[in-house]
Amino acid sequence: PIARARALIASRHGEDIGLEEVAKAVNMSSFYFCKSFKKATGMTFTNYLARVRVEKVKNLLINPHKRVSEAAFEAGFQSLSQFNRVFRRIAGQSPKLYCEQLR
């Protein structure tokens, strides 16, 4: 079930996907899914989804014509402030600094 959940997250990370929806898709209660997911991956569902989205943004930013805001929304972030906070926490630097180093 966790492998199916990870595949679902990978294919739909750009959408507004939530814990309840993923748990239901793999026929588990939200509570049991959370426990199982953390045990299998070492991180919470929310942190895992954030990491998947940040990696997607990093891949999109390889294109020098892609704006950071476009990449953030395409990867599934709902707001730029949320994106900036999450990106800094996961990547250890701001998106702007990441882009400067990339180029």
# chains A, B, ... in the order shown; residues from 1 in each chain; ligands from 1
>>> select_by_dssp(residues="segment 51-89 of chain A", states="helix (DSSP H, G or I)", output="ChimeraX atom specification")
/A:51-60,68-74,80-89
>>> residues_around(residues="Ala75 of chain A", least_positions_apart="3", cutoff="8 Å", atoms="only C-alpha atoms", output="ChimeraX atom specification")
/A:13-15,53-54,56-57,71-72
>>> closest_atom_pairs(of="segment 29-54 of chain A", to="segment 5-12 of chain A", cutoff="10 Å", atoms="only C-alpha atoms", output="JSON lines")
{"residue": "A:Phe33", "atom": "CA", "partner": "A:Ala5", "partner_atom": "CA", "distance": 9.4}
{"residue": "A:Phe37", "atom": "CA", "partner": "A:Ala5", "partner_atom": "CA", "distance": 8.6}
{"residue": "A:Thr41", "atom": "CA", "partner": "A:Arg6", "partner_atom": "CA", "distance": 9.5}
{"residue": "A:Phe45", "atom": "CA", "partner": "A:Arg6", "partner_atom": "CA", "distance": 9.6}
{"residue": "A:Tyr48", "atom": "CA", "partner": "A:Arg6", "partner_atom": "CA", "distance": 9.0}
{"residue": "A:Leu49", "atom": "CA", "partner": "A:Ile9", "partner_atom": "CA", "distance": 7.0}
{"residue": "A:Val52", "atom": "CA", "partner": "A:Ala10", "partner_atom": "CA", "distance": 7.2}
{"residue": "A:Arg53", "atom": "CA", "partner": "A:Ala10", "partner_atom": "CA", "distance": 8.9}
>>> residues_around(residues="Ser94 of chain A", least_positions_apart="2", cutoff="12 Å", atoms="only C-alpha atoms", output="list of chain:residue names")
A:Val54, A:Lys58, A:Val68, A:Leu80, A:Ser81, A:Phe83, A:Asn84, A:Arg85, A:Val86, A:Phe87, A:Arg88, A:Arg89, A:Ile90, A:Ala91, A:Gly92, A:Lys96, A:Leu97, A:Tyr98, A:Cys99, A:Glu100, A:Gln101
>>> atom_distance(atom1="atom CA of Gln78 of chain A", atom2="atom CA of Gln93 of chain A")
19.8 Å
>>> closest_residue(among="A:Ile17, A:Ile2, A:Ala50, A:Leu61", to="Lys35 of chain A", atoms="only C-alpha atoms")
A:Ile2
>>> closest_residue(among="A:Cys34, A:Pro95, A:Leu102, A:Glu74", to="Asn47 of chain A", atoms="only C-alpha atoms")
A:Cys34
